[in-house]
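Enquirer: Provided herewith is a single structure, encoded as structure tokens, for subsequent inquiry.
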Amino acid sequence: MSTSRLQLSDEQRALVGTVRELARDKFRDRAKKYLDGTYPWENLRDLAGIGVLGMSIPEEYGGSNLAVFETALVLEEVAKVCYPTSMALLGEVGVQVRVISTYAPESMKRDILPKVCSGDAMLAICMTEPHAGTDVPNYRVNTTLKGDRAVVKGVKTLISRADEAEWFVVFSRIDGTPGRDGIGCVLVNRNTPGFEVTARYHTMGGENLAEIQFNDCEVPIENVILRQGGFKKLLSAFNTQRCLNPSISLGLAEGAFEEAIKYVRDRSIFGHPVADFQGIRWKLAEMYRDIEAGRSLLYRACLTANPFPDPHEAAIAKMYVNEMAIRVTSEALQVHGGYGFTDDYPVSRLYRGARYGTLGGGATETLKDLVGKKLLSDFDPVDGFLGMKTF
Ligand SMILES: Cc1cc2nc3c(=O)[nH]c(=O)nc-3n(C[C@H](O)[C@H](O)[C@H](O)COP(=O)(O)OP(=O)(O)OC[C@H]3O[C@@H](n4cnc5c(N)ncnc54)[C@H](O)[C@@H]3O)c2cc1C
């Protein structure tokens with residue numbers, strides 16, 4: 001749609017064009033087969049082939065070190081046609097990779113990051129626990145430091161790519177230190193004795209999630225990437241997710257909108273195309289308006305990144321775009337009539353994928369709470385309302 005109006009650089013335009021071509025030529029036809037949890041390896045190999053798997057990794061480790069904005073543009077293009085592939089790609093460029101490339105020791109970066117770029121190694125992120133997802137201060141997984149070793153114990157759940165990843169970036173309490181400040185992060189290889197996938201969940205988006213038990217997994221002390229007090233750093237890296245997760249939502253909304261336009265032009269009822277009804281044209285206008293509003297908020301947030309985005313801007317963009325995508329994909333499905341509800345039409349897959357956005361990468365309610373608190377604390381009764389301060 002309208003990325004051209006943003007005056008992208010030649011390089012950005014070429015990148016978007018290459019990914020768009022690949023997504024339309026190959027991913028669109030394959031999308032249906034990933035509904036049953038089949039991992040989109042084939043598509044990831046194609047993405048490795050055009051060099052985008054390492055796009056958030058610095059050049060010295062084989063990546064192209066693209067900014068959050070370019071990464072978001074790529075995810076958006078993929079999401080337009082295939083939600084499971086966009087989620088798989090998010091795993092390649094998301095918080096886990098940024099934690100390693102920003103905070104891990106040099107030897108670990110050299111060992112792991114080039115393999116991520118080539119598609120030979122995959123990282124998963126383990127934050128959520130069975131009793132606490134958004135409730136971070138109550139995470140229980142603990143790592144005990146013992147000389148040159150560290151021992152990880154506890155359960156994580158709803159983990160993406162648990163059956164595929166080689167390495168797991170685990171948010172963990174260190175030495176039982178309580179509260180948010182006690183949380184750091186440790187790297188665990190899936191071949192470590194005590195690592196076990198203990199439950200699997202199939203999602204409405206198509207992908208599988210899993211529960212993982214760390215039964216006294218002993219790792220070298222160097223694998224403890226961040227210790228007590230490291231949570232603020234983890235959160236900075238996590239802010240990137242607040243831009244990348246909604247870039248998938250934006251792509252899903254655009255993909256669904258395009259499907260809606262095609263359908264209402266082609267389908268004839270009462271002797272003329274569905275598009276001839278004014279009520280339908282109003283829906284299209286509102287969908288387009290909401291997509292473009294979301295795009296503005298999201299791109300603006302992405303462009304604050306240095307290297308991580310401004311948390312407030314990113315939270316506002318994420319809140320809006322995730323909810324917008326649910327509305328727009330739902331309306332796109334509606335104008336398809338009953339066919340839209342079947343697996344045979346792409347719009348149903350895009351709708352299901354869009355439902356994920358408000359849950360992951362910072363749940364909407366949590367973000368609204370954070371944004372609301374900041375608005376209250378920033379309000380200046382003398383200077384006027386804070387929104388005006390941006391001018
Ligand atoms: C497709 C998918 C992939 C995922 N992949 C991963 C992964 O790879 N790694 C990982 O660690 N996790 C992953 N998750 C889990 C996800 O991060 C959590 O589901 C999310 O953080 C929410 O935690 P929860 O499910 O425990 O909800 P809870 O924390 O139990 O929250 C329940 C509800 O309360 C709301 N809530 C929270 N705080 C407030 C508040 N202050 N005011 C009002 N309401 C509030 C929440 O928004 C939610 O609606 C994935 C989830 C999905 C759906």
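Residue numbering restarts at 1 in every chain; chains get A, B, ... in the order shown in the structure tokens, and ligands count up from 1 in that same order.
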Please return as a VMD selection string: the residues of range 173-222 of chain A that backbone DSSP assigns to strand (DSSP E).
Expert: chain A and resid 173 to 174 183 to 189 195 to 202 208 to 220
Enquirer: Write a file of the selected residues as a CSV table (one decimal), in the first residue's frame, keeping N, CA, C and O atoms.
Expert:
```csv
chain,number,residue,atom,x,y,z
A,173,ARG,N,15.4,-15.8,37.9
A,173,ARG,CA,15.8,-15.2,39.1
A,173,ARG,C,17.3,-15.7,39.4
A,173,ARG,O,17.6,-16.9,39.0
A,174,ILE,N,18.1,-14.9,39.9
A,174,ILE,CA,19.5,-15.3,40.2
A,174,ILE,C,19.7,-15.5,41.7
A,174,ILE,O,19.4,-14.5,42.5
A,183,ILE,N,15.8,-10.6,38.8
A,183,ILE,CA,15.7,-11.3,37.5
A,183,ILE,C,16.9,-11.0,36.5
A,183,ILE,O,17.1,-9.8,36.3
A,184,GLY,N,17.5,-12.0,36.1
A,184,GLY,CA,18.6,-11.8,35.0
A,184,GLY,C,18.2,-12.8,33.9
A,184,GLY,O,17.1,-13.1,33.7
A,185,CYS,N,19.3,-13.3,33.3
A,185,CYS,CA,19.0,-14.1,32.1
A,185,CYS,C,20.1,-15.1,31.9
A,185,CYS,O,21.3,-14.8,32.0
A,186,VAL,N,19.7,-16.3,31.5
A,186,VAL,CA,20.7,-17.4,31.3
A,186,VAL,C,20.4,-18.1,30.0
A,186,VAL,O,19.3,-18.3,29.6
A,187,LEU,N,21.5,-18.6,29.4
A,187,LEU,CA,21.4,-19.3,28.1
A,187,LEU,C,21.5,-20.8,28.4
A,187,LEU,O,22.4,-21.3,29.0
A,188,VAL,N,20.5,-21.6,27.9
A,188,VAL,CA,20.5,-23.0,28.1
A,188,VAL,C,20.4,-23.7,26.7
A,188,VAL,O,19.5,-23.4,25.9
A,189,ASN,N,21.2,-24.7,26.5
A,189,ASN,CA,21.2,-25.5,25.3
A,189,ASN,C,20.2,-26.7,25.5
A,189,ASN,O,20.1,-27.2,26.6
A,195,PHE,N,16.8,-30.8,30.6
A,195,PHE,CA,16.0,-30.0,29.8
A,195,PHE,C,14.9,-30.9,29.2
A,195,PHE,O,15.2,-31.9,28.7
A,196,GLU,N,13.6,-30.5,29.4
A,196,GLU,CA,12.5,-31.4,28.9
A,196,GLU,C,11.3,-30.6,28.4
A,196,GLU,O,10.9,-29.7,29.1
A,197,VAL,N,10.8,-30.9,27.3
A,197,VAL,CA,9.5,-30.3,26.8
A,197,VAL,C,8.4,-31.2,27.4
A,197,VAL,O,8.3,-32.4,27.1
A,198,THR,N,7.6,-30.6,28.3
A,198,THR,CA,6.7,-31.4,29.0
A,198,THR,C,5.2,-31.3,28.6
A,198,THR,O,4.3,-32.0,29.0
A,199,ALA,N,4.9,-30.3,27.8
A,199,ALA,CA,3.5,-30.1,27.3
A,199,ALA,C,3.5,-29.3,26.0
A,199,ALA,O,4.4,-28.5,25.9
A,200,ARG,N,2.5,-29.6,25.2
A,200,ARG,CA,2.5,-28.9,23.9
A,200,ARG,C,1.0,-28.3,23.7
A,200,ARG,O,0.1,-29.0,24.1
A,201,TYR,N,1.0,-27.2,23.1
A,201,TYR,CA,-0.3,-26.5,22.9
A,201,TYR,C,-0.4,-26.1,21.4
A,201,TYR,O,0.6,-25.5,20.9
A,202,HIS,N,-1.5,-26.4,20.7
A,202,HIS,CA,-1.7,-26.0,19.4
A,202,HIS,C,-2.5,-24.7,19.4
A,202,HIS,O,-3.5,-24.6,20.1
A,208,ASN,N,2.6,-24.0,17.2
A,208,ASN,CA,2.6,-24.7,18.4
A,208,ASN,C,3.4,-24.0,19.5
A,208,ASN,O,4.4,-23.3,19.2
A,209,LEU,N,2.9,-24.1,20.8
A,209,LEU,CA,3.7,-23.5,21.9
A,209,LEU,C,3.9,-24.7,22.9
A,209,LEU,O,3.3,-25.8,22.7
A,210,ALA,N,4.8,-24.5,23.8
A,210,ALA,CA,5.2,-25.7,24.7
A,210,ALA,C,5.6,-25.2,26.1
A,210,ALA,O,6.0,-24.1,26.3
A,211,GLU,N,5.4,-26.2,27.0
A,211,GLU,CA,5.9,-26.0,28.3
A,211,GLU,C,7.3,-26.7,28.4
A,211,GLU,O,7.5,-27.8,27.9
A,212,ILE,N,8.2,-26.0,29.1
A,212,ILE,CA,9.6,-26.6,29.2
A,212,ILE,C,9.9,-26.6,30.7
A,212,ILE,O,9.8,-25.7,31.4
A,213,GLN,N,10.5,-27.8,31.1
A,213,GLN,CA,11.0,-27.9,32.5
A,213,GLN,C,12.5,-27.9,32.4
A,213,GLN,O,13.1,-28.6,31.6
A,214,PHE,N,13.1,-27.1,33.3
A,214,PHE,CA,14.5,-27.1,33.5
A,214,PHE,C,14.8,-27.8,34.9
A,214,PHE,O,14.5,-27.2,35.9
A,215,ASN,N,15.1,-29.0,34.8
A,215,ASN,CA,15.3,-29.8,36.0
A,215,ASN,C,16.8,-29.8,36.4
A,215,ASN,O,17.5,-30.7,36.0
A,216,ASP,N,17.1,-28.8,37.1
A,216,ASP,CA,18.6,-28.6,37.5
A,216,ASP,C,19.5,-28.7,36.3
A,216,ASP,O,20.4,-29.5,36.3
A,217,CYS,N,19.2,-27.9,35.3
A,217,CYS,CA,20.1,-27.9,34.1
A,217,CYS,C,21.4,-27.1,34.5
A,217,CYS,O,21.4,-25.9,34.8
A,218,GLU,N,22.5,-27.8,34.4
A,218,GLU,CA,23.8,-27.2,34.8
A,218,GLU,C,24.5,-26.7,33.5
A,218,GLU,O,24.7,-27.4,32.5
A,219,VAL,N,24.8,-25.4,33.6
A,219,VAL,CA,25.5,-24.7,32.4
A,219,VAL,C,26.7,-24.0,32.9
A,219,VAL,O,26.9,-23.7,34.1
A,220,PRO,N,27.7,-23.7,32.0
A,220,PRO,CA,28.9,-22.9,32.4
A,220,PRO,C,28.4,-21.6,32.9
A,220,PRO,O,27.4,-21.0,32.4
```
Enquirer: Could you list, as a ChimeraX atom specification, all residues that come within 9 Å of ligand 1? Count only C-alpha atoms and all ligand atoms.
Expert: /A:87,91,124-136,156-162,170-171,203-210,353,355-370
Enquirer: With only C-alpha atoms as the basis for distance, which of A:Ile291, A:Leu44, A:Ala67, A:Ala31 is at the shortest distance from Ala88 in chain A?
Expert: A:Leu44
Enquirer: To one decimal place in Å, what is the distance between CA of Pro58 in chain A and CA of Ala104 in chain A?
Expert: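 Separation of CA of Pro58 in chain A and CA of Ala104 in chain A: 13.1 Å.
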Enquirer: Can you list, as an MDAnalysis selection string, every protein, DNA or RNA residue that comes within 8 Å of range 247-263 of chain A when you count only C-alpha atoms, leaving out same-chain residues fewer than 3 positions away?
Expert: chainID A and resid 1 72:73 75:81 83 86:87 243:244 266:267 275 284 287:288 291 294:295 298 321:322 324:326 328:329 332:333 335:336 346:347 350:351 353:354 357
Enquirer: Step one, run DSSP on the backbone; step two, keep only residues of range 110-203 of chain A assigned to helix (DSSP H, G or I); then write them as a ChimeraX atom specification.
Expert: /A:110-118,136-138,180-182
Enquirer: One number please: CA of Thr342 in chain A to CA of Leu35 in chain A, in Å, one decimal.
Expert: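 That distance, rounded to one decimal, is 12.4 Å.
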Enquirer: Point out the residue among A:Val99, A:Ile57, A:Ile269, A:Ala48 with the least atom-to-atom distance to Gly230 in chain A, counting only C-alpha atoms.
Expert: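 Closest to Gly230 in chain A of all the choices is A:Val99.
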Enquirer: Using only C-alpha atoms, pick whichever of A:Ser348, A:Thr192, A:Ser377, A:Asn245 has the shortest atom-to-atom distance to Tyr320 in chain A.
Expert: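 Once distances to Tyr320 in chain A are computed over only C-alpha atoms, the minimum belongs to A:Asn245.
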Enquirer: Within 12 Å of range 107-118 of chain A, counting only C-alpha atoms, which residues show up once you throw out same-chain ones fewer than 3 positions away? Write them as a ChimeraX atom specification, please.
Expert: /A:44-65,89,91-94,96-104,121-124,165-168,186-187,189,220,222-225
Enquirer: Please indicate the distance in Å from CA of Phe379 in chain A to CA of Pro309 in chain A, rounded to one decimal place.
Expert: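 Going from CA of Phe379 in chain A over to CA of Pro309 in chain A, I get 22.1 Å.
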